[in-house]
$ cat target34.cif   # mmCIF, C-alpha atoms
data_query
loop_
_atom_site.label_atom_id
_atom_site.label_comp_id
_atom_site.auth_asym_id
_atom_site.auth_seq_id
_atom_site.Cartn_x
_atom_site.Cartn_y
_atom_site.Cartn_z
CA MET A 1 51.37 -195.02 -137.31
CA LYS A 2 49.61 -191.77 -138.03
CA THR A 3 48.15 -188.55 -136.60
CA VAL A 4 44.90 -187.01 -137.80
CA GLU A 5 43.74 -183.45 -137.04
CA THR A 6 40.07 -182.46 -136.90
CA HIS A 7 37.96 -179.57 -135.59
CA PHE A 8 36.60 -180.03 -132.04
CA GLY A 9 35.08 -176.71 -130.92
CA ILE A 10 35.44 -172.97 -130.26
CA LEU A 11 36.28 -171.31 -126.93
CA GLU A 12 36.15 -167.52 -126.74
CA GLY A 13 37.01 -167.25 -130.42
CA ASN A 14 39.88 -169.75 -130.20
CA GLU A 15 39.65 -173.04 -132.05
CA ALA A 16 40.01 -176.34 -130.24
CA GLN A 17 41.34 -179.12 -132.43
CA LEU A 18 41.29 -182.87 -131.89
CA TYR A 19 44.36 -184.98 -132.68
CA ILE A 20 44.00 -188.71 -133.20
CA LEU A 21 47.12 -190.84 -132.65
CA GLU A 22 47.05 -194.39 -133.98
CA ASN A 23 49.59 -197.21 -133.85
CA ASP A 24 49.73 -200.41 -135.92
CA ASN A 25 48.24 -202.55 -133.14
CA GLY A 26 44.80 -201.00 -132.96
CA ILE A 27 45.29 -198.40 -130.21
CA ARG A 28 43.74 -195.00 -130.87
CA VAL A 29 44.29 -191.95 -128.63
CA LYS A 30 42.36 -188.70 -129.02
CA ILE A 31 43.80 -185.48 -127.59
CA THR A 32 42.46 -181.94 -127.80
CA ASN A 33 44.48 -178.76 -127.39
CA TYR A 34 41.79 -177.55 -125.00
CA GLY A 35 43.60 -178.29 -121.75
CA ALA A 36 46.00 -180.64 -123.59
CA THR A 37 43.28 -183.14 -122.71
CA ILE A 38 43.05 -186.85 -123.53
CA THR A 39 39.41 -187.35 -124.53
CA SER A 40 39.46 -191.00 -125.60
CA ILE A 41 41.67 -194.11 -125.71
CA THR A 42 40.47 -197.29 -127.41
CA VAL A 43 42.45 -200.48 -126.77
CA PRO A 44 41.99 -204.05 -128.08
CA GLY A 45 41.14 -206.84 -125.65
CA LYS A 46 41.29 -210.63 -125.49
CA VAL A 47 37.56 -211.07 -124.92
CA ARG A 48 36.12 -208.26 -127.06
CA GLY A 49 37.46 -205.98 -129.77
CA PRO A 50 38.82 -202.46 -129.21
CA GLU A 51 36.93 -200.64 -126.45
CA GLU A 52 36.97 -197.22 -124.84
CA VAL A 53 39.07 -197.33 -121.64
CA VAL A 54 39.06 -193.70 -120.41
CA CYS A 55 36.53 -191.13 -119.19
CA GLY A 56 35.84 -188.25 -121.55
CA PHE A 57 33.43 -186.77 -124.08
CA ASP A 58 33.09 -186.86 -127.85
CA ASN A 59 31.50 -183.40 -128.02
CA PHE A 60 33.44 -180.30 -126.96
CA GLU A 61 30.37 -178.69 -125.36
CA ASN A 62 30.07 -181.45 -122.75
CA TYR A 63 33.28 -180.27 -121.05
CA PHE A 64 31.27 -177.15 -120.13
CA SER A 65 28.03 -178.78 -118.95
CA LYS A 66 26.59 -177.83 -115.59
CA GLU A 67 27.07 -181.38 -114.24
CA TYR A 68 30.71 -181.54 -115.35
CA LYS A 69 31.68 -178.10 -114.02
CA GLU A 70 30.00 -178.72 -110.66
CA ASN A 71 31.72 -182.10 -110.18
CA ALA A 72 35.06 -180.96 -111.71
CA PRO A 73 36.66 -184.39 -112.23
CA TYR A 74 39.38 -183.03 -114.61
CA PHE A 75 38.84 -185.90 -117.12
CA GLY A 76 42.07 -186.33 -119.11
CA GLY A 77 43.37 -182.81 -118.50
CA THR A 78 46.97 -181.62 -118.26
CA ILE A 79 47.29 -180.21 -114.74
CA GLY A 80 49.37 -177.19 -113.67
CA ARG A 81 50.81 -174.88 -112.46
CA TYR A 82 50.86 -177.15 -109.39
CA CYS A 83 49.15 -180.53 -108.83
CA SER A 84 46.93 -181.46 -105.87
CA GLN A 85 46.18 -179.13 -102.98
CA ILE A 86 48.27 -176.26 -101.62
CA LYS A 87 47.30 -175.59 -98.00
CA ASN A 88 45.42 -172.33 -97.40
CA SER A 89 46.20 -171.32 -100.99
CA LYS A 90 49.46 -169.66 -100.03
CA PHE A 91 53.20 -170.24 -99.68
CA ASN A 92 56.35 -168.30 -98.87
CA LEU A 93 59.12 -168.15 -101.46
CA ASN A 94 62.34 -166.15 -101.22
CA GLY A 95 60.91 -164.06 -98.37
CA THR A 96 57.63 -163.21 -100.09
CA GLU A 97 54.21 -164.67 -99.31
CA PHE A 98 52.09 -165.45 -102.35
CA GLN A 99 48.30 -165.79 -102.15
CA LEU A 100 46.74 -168.16 -104.67
CA ALA A 101 43.23 -168.60 -106.01
CA LYS A 102 41.03 -170.61 -103.64
CA ASN A 103 39.07 -173.28 -105.50
CA CYS A 104 38.88 -176.17 -103.00
CA GLY A 105 37.59 -174.76 -99.74
CA ALA A 106 40.48 -172.68 -98.40
CA ASN A 107 42.99 -174.59 -100.53
CA ASN A 108 44.30 -174.24 -104.07
CA LEU A 109 43.66 -177.36 -106.18
CA HIS A 110 45.33 -178.29 -109.50
CA GLY A 111 46.52 -174.76 -110.30
CA GLY A 112 43.42 -172.81 -109.32
CA SER A 113 40.17 -171.71 -110.90
CA GLU A 114 41.61 -171.68 -114.42
CA GLY A 115 44.55 -174.06 -114.52
CA PHE A 116 46.36 -175.43 -117.54
CA ASP A 117 43.50 -177.89 -118.16
CA LYS A 118 41.18 -174.98 -119.04
CA LYS A 119 43.46 -173.20 -121.54
CA ILE A 120 43.65 -173.47 -125.31
CA TRP A 121 47.19 -174.69 -125.98
CA GLU A 122 49.07 -173.82 -129.15
CA VAL A 123 49.90 -176.84 -131.26
CA LYS A 124 53.59 -176.55 -132.01
CA SER A 125 53.96 -179.54 -134.29
CA PHE A 126 52.44 -182.74 -135.57
CA GLU A 127 53.08 -184.89 -138.61
CA GLN A 128 50.54 -187.19 -140.23
CA ASN A 129 53.05 -190.04 -140.73
CA THR A 130 53.97 -190.15 -137.05
CA SER A 131 51.88 -190.70 -133.95
CA GLN A 132 52.90 -187.62 -131.99
CA VAL A 133 51.65 -184.14 -131.20
CA GLU A 134 53.45 -181.31 -129.38
CA MET A 135 51.65 -178.45 -127.62
CA LYS A 136 52.88 -175.33 -125.85
CA LEU A 137 51.50 -172.81 -123.38
CA ARG A 138 52.60 -169.61 -121.69
CA SER A 139 51.50 -169.13 -118.07
CA GLY A 140 51.81 -165.46 -117.12
CA HIS A 141 53.29 -163.87 -114.00
CA LEU A 142 50.80 -163.99 -111.09
CA GLU A 143 48.33 -166.11 -113.05
CA GLU A 144 46.14 -167.68 -110.34
CA GLY A 145 48.63 -166.02 -107.94
CA PHE A 146 51.80 -167.91 -109.00
CA PRO A 147 54.98 -165.88 -109.66
CA GLY A 148 56.93 -165.87 -112.92
CA ASN A 149 56.27 -166.28 -116.61
CA VAL A 150 56.47 -169.98 -117.40
CA TYR A 151 56.80 -171.49 -120.87
CA ILE A 152 55.54 -175.08 -121.10
CA ASN A 153 55.77 -177.84 -123.70
CA VAL A 154 54.03 -181.20 -123.61
CA VAL A 155 54.56 -183.98 -126.16
CA PHE A 156 52.16 -186.90 -126.51
CA SER A 157 53.51 -189.86 -128.49
CA LEU A 158 52.22 -193.37 -129.16
CA ASP A 159 54.49 -196.18 -130.39
CA ASN A 160 54.11 -199.75 -131.61
CA ALA A 161 55.19 -201.08 -128.21
CA ASN A 162 51.75 -199.78 -127.10
CA GLN A 163 53.30 -197.02 -125.02
CA LEU A 164 51.65 -193.64 -124.66
CA GLN A 165 54.42 -191.30 -123.52
CA ILE A 166 53.76 -187.85 -122.08
CA ALA A 167 56.87 -185.66 -121.85
CA TYR A 168 56.73 -182.27 -120.13
CA LYS A 169 59.25 -179.43 -120.27
CA ALA A 170 59.12 -175.92 -118.82
CA LEU A 171 61.21 -172.81 -118.17
CA SER A 172 60.45 -169.91 -115.82
CA ASP A 173 61.84 -166.39 -115.52
CA GLN A 174 61.31 -166.49 -111.71
CA ASP A 175 61.40 -169.13 -109.02
CA THR A 176 57.93 -170.67 -108.84
CA PRO A 177 56.13 -173.78 -107.55
CA PHE A 178 55.73 -176.16 -110.46
CA SER A 179 54.29 -179.65 -110.88
CA MET A 180 52.49 -181.22 -113.84
CA THR A 181 50.54 -184.40 -114.47
CA ASN A 182 47.84 -185.90 -116.65
CA HIS A 183 44.46 -186.58 -115.04
CA THR A 184 43.11 -189.41 -117.20
CA TYR A 185 40.66 -191.86 -115.60
CA PHE A 186 41.11 -195.43 -116.84
CA ASN A 187 38.72 -198.38 -116.80
CA LEU A 188 40.34 -201.40 -118.43
CA SER A 189 37.06 -203.33 -118.53
CA GLY A 190 35.80 -200.98 -121.22
CA PHE A 191 33.32 -199.67 -118.63
CA ALA A 192 31.55 -203.02 -118.49
CA GLU A 193 31.81 -202.63 -114.70
CA THR A 194 33.57 -200.56 -112.04
CA VAL A 195 37.34 -200.73 -111.47
CA GLU A 196 36.84 -202.66 -108.23
CA GLY A 197 37.56 -205.93 -110.05
CA HIS A 198 40.95 -204.64 -111.25
CA ASN A 199 44.16 -205.77 -109.57
CA ALA A 200 46.61 -203.04 -108.55
CA GLN A 201 50.32 -203.21 -107.80
CA ILE A 202 52.28 -200.08 -106.81
CA ASN A 203 56.00 -200.35 -106.07
CA SER A 204 56.05 -198.11 -103.02
CA ASP A 205 56.67 -198.75 -99.33
CA LYS A 206 55.58 -195.29 -98.13
CA LYS A 207 52.75 -192.77 -98.55
CA GLN A 208 52.25 -189.12 -97.66
CA ILE A 209 49.94 -188.18 -94.78
CA TRP A 210 47.20 -185.63 -95.51
CA ASP A 211 45.39 -183.37 -93.07
CA SER A 212 41.60 -183.02 -92.78
CA SER A 213 41.53 -180.45 -95.60
CA GLY A 214 43.18 -182.83 -98.07
CA ALA A 215 46.58 -181.11 -98.08
CA GLY A 216 49.80 -183.07 -97.63
CA ILE A 217 51.78 -182.57 -94.44
CA ASN A 218 55.49 -183.04 -93.79
CA GLU A 219 55.03 -186.61 -92.62
CA ASN A 220 55.24 -189.90 -94.50
CA VAL A 221 54.25 -193.32 -93.19
CA LEU A 222 55.59 -196.80 -93.95
CA LEU A 223 53.05 -199.11 -95.56
CA ALA A 224 54.34 -202.50 -94.44
CA GLY A 225 51.43 -204.53 -93.06
CA SER A 226 48.81 -201.93 -93.93
CA LEU A 227 45.67 -202.45 -96.00
CA ASP A 228 46.90 -200.05 -98.69
CA ASP A 229 50.33 -201.64 -99.15
CA LEU A 230 50.13 -202.60 -102.83
CA ARG A 231 53.65 -203.91 -103.38
CA SER A 232 51.98 -207.27 -104.01
CA PRO A 233 48.90 -207.11 -106.27
CA LYS A 234 45.55 -206.69 -104.55
CA THR A 235 42.01 -206.48 -105.90
CA ILE A 236 40.89 -202.87 -105.63
CA GLY A 237 37.41 -203.73 -104.38
CA ASP A 238 38.81 -205.90 -101.58
CA VAL A 239 40.94 -203.01 -100.33
CA HIS A 240 38.03 -200.57 -100.65
CA LYS A 241 35.92 -202.85 -98.47
CA ALA A 242 38.67 -203.32 -95.89
CA MET A 243 39.44 -199.57 -95.72
CA GLY A 244 35.79 -198.53 -95.87
CA ASP A 245 36.74 -195.98 -98.50
CA GLY A 246 38.23 -195.49 -101.96
CA PHE A 247 41.82 -194.67 -102.82
CA GLU A 248 43.13 -191.13 -102.79
CA HIS A 249 46.70 -191.97 -101.79
CA TYR A 250 49.96 -190.31 -102.73
CA TYR A 251 52.54 -193.12 -102.95
CA LEU A 252 56.23 -192.18 -102.75
CA PHE A 253 59.08 -193.56 -104.85
CA GLU A 254 61.91 -192.11 -102.78
CA ASP A 255 64.69 -194.52 -103.69
CA LYS A 256 64.54 -194.09 -107.46
CA GLY A 257 65.31 -190.37 -107.56
CA PHE A 258 64.12 -188.83 -110.81
CA ASP A 259 65.04 -191.76 -113.06
CA LEU A 260 62.45 -193.27 -115.40
CA GLU A 261 61.27 -196.51 -113.83
CA LYS A 262 58.18 -198.71 -113.78
CA VAL A 263 56.23 -197.86 -110.63
CA ALA A 264 52.84 -199.54 -111.01
CA GLU A 265 50.72 -202.03 -112.93
CA ILE A 266 46.94 -202.36 -113.04
CA LYS A 267 45.23 -205.40 -114.57
CA ASP A 268 41.65 -206.31 -115.38
CA PRO A 269 41.38 -210.12 -115.29
CA LYS A 270 38.12 -210.28 -117.24
CA SER A 271 39.15 -208.25 -120.29
CA GLY A 272 42.80 -209.29 -120.12
CA ARG A 273 43.92 -205.68 -120.40
CA SER A 274 46.78 -204.26 -118.36
CA LEU A 275 48.35 -200.85 -117.82
CA GLU A 276 51.96 -200.34 -116.75
CA ILE A 277 53.00 -196.93 -115.43
CA SER A 278 56.59 -195.71 -115.63
CA THR A 279 57.64 -192.25 -114.53
CA THR A 280 60.50 -189.95 -113.59
CA GLU A 281 58.35 -188.40 -110.84
CA PRO A 282 58.96 -188.93 -107.08
CA GLY A 283 55.40 -190.03 -106.34
CA MET A 284 51.99 -190.94 -107.73
CA LEU A 285 48.49 -190.10 -106.57
CA PHE A 286 46.38 -193.24 -106.99
CA TYR A 287 42.72 -192.25 -107.09
CA THR A 288 39.75 -194.52 -107.72
CA GLY A 289 37.15 -191.88 -108.48
CA LYS A 290 35.33 -191.92 -105.17
CA TYR A 291 34.00 -188.39 -105.76
CA THR A 292 33.06 -188.77 -109.44
CA SER A 293 29.44 -187.88 -110.15
CA ASN A 294 27.09 -190.61 -111.33
CA GLU A 295 25.41 -187.96 -113.50
CA LEU A 296 28.31 -188.02 -115.96
CA LYS A 297 28.43 -190.26 -119.03
CA ARG A 298 29.82 -190.30 -122.56
CA GLU A 299 27.45 -189.50 -125.40
CA SER A 300 27.38 -193.23 -126.26
CA GLY A 301 25.89 -193.92 -122.83
CA GLN A 302 29.19 -195.11 -121.33
CA GLN A 303 28.50 -194.58 -117.62
CA TYR A 304 30.89 -192.72 -115.31
CA GLY A 305 30.65 -192.25 -111.56
CA LYS A 306 32.00 -193.56 -108.29
CA TYR A 307 34.72 -196.21 -108.75
CA ARG A 308 34.21 -196.28 -112.53
CA GLY A 309 37.68 -194.95 -113.31
CA PHE A 310 41.14 -194.86 -111.67
CA CYS A 311 43.82 -192.19 -112.01
CA CYS A 312 47.59 -192.59 -111.79
CA GLU A 313 48.67 -188.97 -111.31
CA THR A 314 52.46 -188.86 -111.35
CA HIS A 315 53.74 -185.57 -109.95
CA ARG A 316 55.67 -183.69 -107.24
CA TYR A 317 54.60 -183.80 -103.59
CA PRO A 318 51.11 -182.44 -102.83
CA ASN A 319 51.46 -179.16 -100.91
CA GLY A 320 55.15 -179.30 -101.80
CA PRO A 321 55.75 -175.51 -101.70
CA ASN A 322 54.92 -175.59 -97.97
CA LEU A 323 56.93 -178.73 -97.11
CA PRO A 324 60.63 -178.31 -96.29
CA GLY A 325 62.67 -180.80 -98.27
CA SER A 326 59.96 -181.62 -100.80
CA PRO A 327 62.04 -182.65 -103.85
CA LYS A 328 62.04 -180.22 -106.77
CA SER A 329 58.71 -178.60 -105.90
CA ILE A 330 60.18 -175.20 -106.88
CA LEU A 331 61.22 -174.57 -110.46
CA LYS A 332 64.20 -172.24 -110.24
CA LYS A 333 64.65 -169.29 -112.54
CA GLY A 334 66.42 -170.39 -115.72
CA GLU A 335 66.42 -174.08 -114.82
CA SER A 336 64.63 -176.61 -117.01
CA PHE A 337 61.71 -178.65 -115.73
CA ALA A 338 61.58 -182.09 -117.34
CA SER A 339 59.22 -184.96 -116.55
CA THR A 340 58.17 -188.12 -118.39
CA THR A 341 55.39 -190.61 -117.73
CA ILE A 342 54.64 -193.66 -119.88
CA PHE A 343 51.37 -195.61 -119.93
CA LYS A 344 51.93 -199.00 -121.55
CA PHE A 345 48.89 -201.05 -122.55
CA GLY A 346 48.73 -204.83 -122.79
CA TRP A 347 46.05 -207.39 -123.57
#

$ encode --input "target34.cif" --output "C-alpha cells"
Amino acid sequence: MKTVETHFGILEGNEAQLYILENDNGIRVKITNYGATITSITVPGKVRGPEEVVCGFDNFENYFSKEYKENAPYFGGTIGRYCSQIKNSKFNLNGTEFQLAKNCGANNLHGGSEGFDKKIWEVKSFEQNTSQVEMKLRSGHLEEGFPGNVYINVVFSLDNANQLQIAYKALSDQDTPFSMTNHTYFNLSGFAETVEGHNAQINSDKKQIWDSSGAGINENVLLAGSLDDLRSPKTIGDVHKAMGDGFEHYYLFEDKGFDLEKVAEIKDPKSGRSLEISTTEPGMLFYTGKYTSNELKRESGQQYGKYRGFCCETHRYPNGPNLPGSPKSILKKGESFASTTIFKFGW
C-alpha cells in the first residue's frame, strides 16, 4: 500500500500533481488535483495481466485539446456544484430566483461552464505509506450563479479488499443546491472491445423521467417488465438493441434512504473482471457513453468513443432544485453534506 506524488502540469500558474494509489493486489489508481480527476485505473484480470479500465489521458495537455473540450465527456472528473441538468439554468430558493450559467442548451449541466472538474484543488494530505489522498476546494458565492460559499473535501482511498472509496464532505454559509459525483468511464475488458458485452445489474425498481431537454421532471416510473429493468443481470448490448439507444438512465434507490448499500454490479465475462458499486446516494445515473466522440483516445492508442465506457454516477436527483420533495438536493446553511461511493473490483 502506497501513494506516490509526481508533477502532471501547469494551469494558469498553478501546479497540477498526479497521485498514484497502489494496493498489494496489483491495482493502481492515478488521480490529479486538476478537477480531482481519476486519470487511470489498472486492474489485473484472469485472462491477461493488469490492464487500463478507465477513460483518461497520460498527458495533462490532452484534457485541453480541441476534440476533448468540444465533446466534453468529463472523463474521471469530480462533478459539482450540482450534477446533471438543471432546467432552464435557474431555480427558486427561499423566495429568490437564481440564474445559473447555461452550458447545455438552455440548461445548466454539471455545475456550469467551469465546475469543480475544471478547478485546481488543494491537496490537504497524503502519506506515502498509505493509499489515500485528500483534496479540498472552496466554491465562492455566486460562482456559476450558485449562492453561498461552500467548502468541499474529497478523499480517495484504495484498500486491499480492492475497494476504491470516494468520500465527499461539504459545508455552506448559505442554503444552496448541492450534489457531487465522480464521472469515471469504465471498460472492464481493458478496451479490447465496447462495453456492450458487459452484464449489468442495478438494484432499482424505478427510474426518473426526463423531458426533451434532458432535465428530470417530478415523475418516476416503475421498471417492472420494461427493457431497462436491470434487477436481474442483462447484457448491455442486448438492451441497447431492444431500446434502439444507449443508457442515460437515472435509477432510484428510494427504499434504502442514505445508508451505504450495494446498488449495482457490472461484469465482463471475457476478462473475468467485475465492478460492484455501493453508495449512500438516493440514485445513480447509468450512462453507456452514447455521446462520446470517436476522435478521443489515450496516448497509447487506447480507443474511446460510443459505447466504449460506462459511468455509474451516484448523486442527488437531476434537476433536484426544481423538484418538490427531491431528497436533500439543498445543502442547508451550517449543515454538513456527506456522501460515500465505493467501487470494488474483482477478477

$ resolve_selection --input "target34.cif" --expression "the PyMOL selection byres ((chain A and resi 274-287) around 6)" --output "mmCIF file with C-alpha atoms, keeping the file's coordinate frame"
data_model
loop_
_atom_site.group_PDB
_atom_site.id
_atom_site.type_symbol
_atom_site.label_atom_id
_atom_site.label_comp_id
_atom_site.auth_asym_id
_atom_site.auth_seq_id
_atom_site.Cartn_x
_atom_site.Cartn_y
_atom_site.Cartn_z
ATOM 1 C CA PHE A 247 41.820 -194.670 -102.820
ATOM 2 C CA GLU A 248 43.130 -191.130 -102.790
ATOM 3 C CA HIS A 249 46.700 -191.970 -101.790
ATOM 4 C CA TYR A 250 49.960 -190.310 -102.730
ATOM 5 C CA TYR A 251 52.540 -193.120 -102.950
ATOM 6 C CA LEU A 252 56.230 -192.180 -102.750
ATOM 7 C CA PHE A 253 59.080 -193.560 -104.850
ATOM 8 C CA PHE A 258 64.120 -188.830 -110.810
ATOM 9 C CA ASP A 259 65.040 -191.760 -113.060
ATOM 10 C CA LEU A 260 62.450 -193.270 -115.400
ATOM 11 C CA GLU A 261 61.270 -196.510 -113.830
ATOM 12 C CA LYS A 262 58.180 -198.710 -113.780
ATOM 13 C CA VAL A 263 56.230 -197.860 -110.630
ATOM 14 C CA ALA A 264 52.840 -199.540 -111.010
ATOM 15 C CA GLU A 265 50.720 -202.030 -112.930
ATOM 16 C CA ILE A 266 46.940 -202.360 -113.040
ATOM 17 C CA LYS A 267 45.230 -205.400 -114.570
ATOM 18 C CA ARG A 273 43.920 -205.680 -120.400
ATOM 19 C CA THR A 288 39.750 -194.520 -107.720
ATOM 20 C CA GLY A 289 37.150 -191.880 -108.480
ATOM 21 C CA PHE A 310 41.140 -194.860 -111.670
ATOM 22 C CA CYS A 311 43.820 -192.190 -112.010
ATOM 23 C CA CYS A 312 47.590 -192.590 -111.790
ATOM 24 C CA GLU A 313 48.670 -188.970 -111.310
ATOM 25 C CA THR A 314 52.460 -188.860 -111.350
ATOM 26 C CA HIS A 315 53.740 -185.570 -109.950
ATOM 27 C CA SER A 339 59.220 -184.960 -116.550
ATOM 28 C CA THR A 340 58.170 -188.120 -118.390
ATOM 29 C CA THR A 341 55.390 -190.610 -117.730
ATOM 30 C CA ILE A 342 54.640 -193.660 -119.880
ATOM 31 C CA PHE A 343 51.370 -195.610 -119.930
ATOM 32 C CA LYS A 344 51.930 -199.000 -121.550
ATOM 33 C CA PHE A 345 48.890 -201.050 -122.550
ATOM 34 C CA GLY A 346 48.730 -204.830 -122.790
#

$ resolve_selection --input "target34.cif" --expression "the PyMOL selection byres ((chain A and resi 63-73) around 12)" --output "ChimeraX atom specification"
/A:8-11,32,34-35,37,39,55-62,74-77,79,103-104,109-110,112-114,117-118,183-185,287-299,304-306,309-311

$ resolve_selection --input "target34.cif" --expression "the PyMOL selection byres ((chain A and resi 329) around 8)" --output "MDAnalysis selection string"
chainID A and resid 177:179 316:317 320:321 326:328 330:331

$ residues_around --input "target34.cif" --residues "Val155 (chain A)" --least-positions-apart "2" --cutoff "9 Å" --atoms "only C-alpha atoms" --output "list of chain:residue names"
A:Gln132, A:Val133, A:Glu134, A:Met135, A:Lys136, A:Asn153, A:Ser157, A:Gln165, A:Ile166, A:Ala167, A:Tyr168, A:Lys169

$ closest_residue --input "target34.cif" --among "A:Phe146, A:Phe337, A:Trp210, A:Phe156" --to "Lys124 (chain A)" --atoms "all atoms listed in the file"
A:Phe156

$ build_atoms --input "target34.cif" --residues "region 133-145 of chain A" --atoms "N, CA, C and O atoms" --output "short mmCIF file (atom, residue, chain, number, x, y, z; two decimals), in the coordinates of the input"
data_model
loop_
_atom_site.label_atom_id
_atom_site.label_comp_id
_atom_site.auth_asym_id
_atom_site.auth_seq_id
_atom_site.Cartn_x
_atom_site.Cartn_y
_atom_site.Cartn_z
N VAL A 133 52.05 -185.53 -131.11
CA VAL A 133 51.65 -184.14 -131.20
C VAL A 133 52.31 -183.37 -130.06
O VAL A 133 52.42 -183.87 -128.94
N GLU A 134 52.78 -182.16 -130.36
CA GLU A 134 53.45 -181.31 -129.38
C GLU A 134 52.64 -180.03 -129.19
O GLU A 134 52.24 -179.39 -130.17
N MET A 135 52.41 -179.66 -127.93
CA MET A 135 51.65 -178.45 -127.62
C MET A 135 52.47 -177.56 -126.69
O MET A 135 53.32 -178.04 -125.95
N LYS A 136 52.16 -176.25 -126.72
CA LYS A 136 52.88 -175.33 -125.85
C LYS A 136 51.91 -174.31 -125.26
O LYS A 136 50.83 -174.03 -125.81
N LEU A 137 52.33 -173.75 -124.13
CA LEU A 137 51.50 -172.81 -123.38
C LEU A 137 52.40 -171.84 -122.63
O LEU A 137 53.45 -172.23 -122.12
N ARG A 138 51.95 -170.59 -122.55
CA ARG A 138 52.60 -169.61 -121.69
C ARG A 138 51.69 -169.34 -120.51
O ARG A 138 50.52 -169.00 -120.67
N SER A 139 52.23 -169.47 -119.29
CA SER A 139 51.50 -169.13 -118.07
C SER A 139 52.11 -167.84 -117.52
O SER A 139 53.28 -167.80 -117.16
N GLY A 140 51.29 -166.78 -117.45
CA GLY A 140 51.81 -165.46 -117.12
C GLY A 140 52.10 -165.26 -115.65
O GLY A 140 51.60 -165.97 -114.77
N HIS A 141 52.92 -164.26 -115.37
CA HIS A 141 53.29 -163.87 -114.00
C HIS A 141 52.03 -163.55 -113.20
O HIS A 141 51.16 -162.79 -113.64
N LEU A 142 51.91 -164.15 -112.03
CA LEU A 142 50.80 -163.99 -111.09
C LEU A 142 49.47 -164.56 -111.60
O LEU A 142 48.41 -164.27 -111.04
N GLU A 143 49.52 -165.38 -112.64
CA GLU A 143 48.33 -166.11 -113.05
C GLU A 143 47.91 -167.05 -111.94
O GLU A 143 48.72 -167.86 -111.47
N GLU A 144 46.67 -166.92 -111.48
CA GLU A 144 46.14 -167.68 -110.34
C GLU A 144 46.95 -167.42 -109.07
O GLU A 144 46.83 -168.16 -108.08
N GLY A 145 47.84 -166.40 -109.10
CA GLY A 145 48.63 -166.02 -107.94
C GLY A 145 50.06 -166.51 -107.96
O GLY A 145 50.86 -166.14 -107.09
#
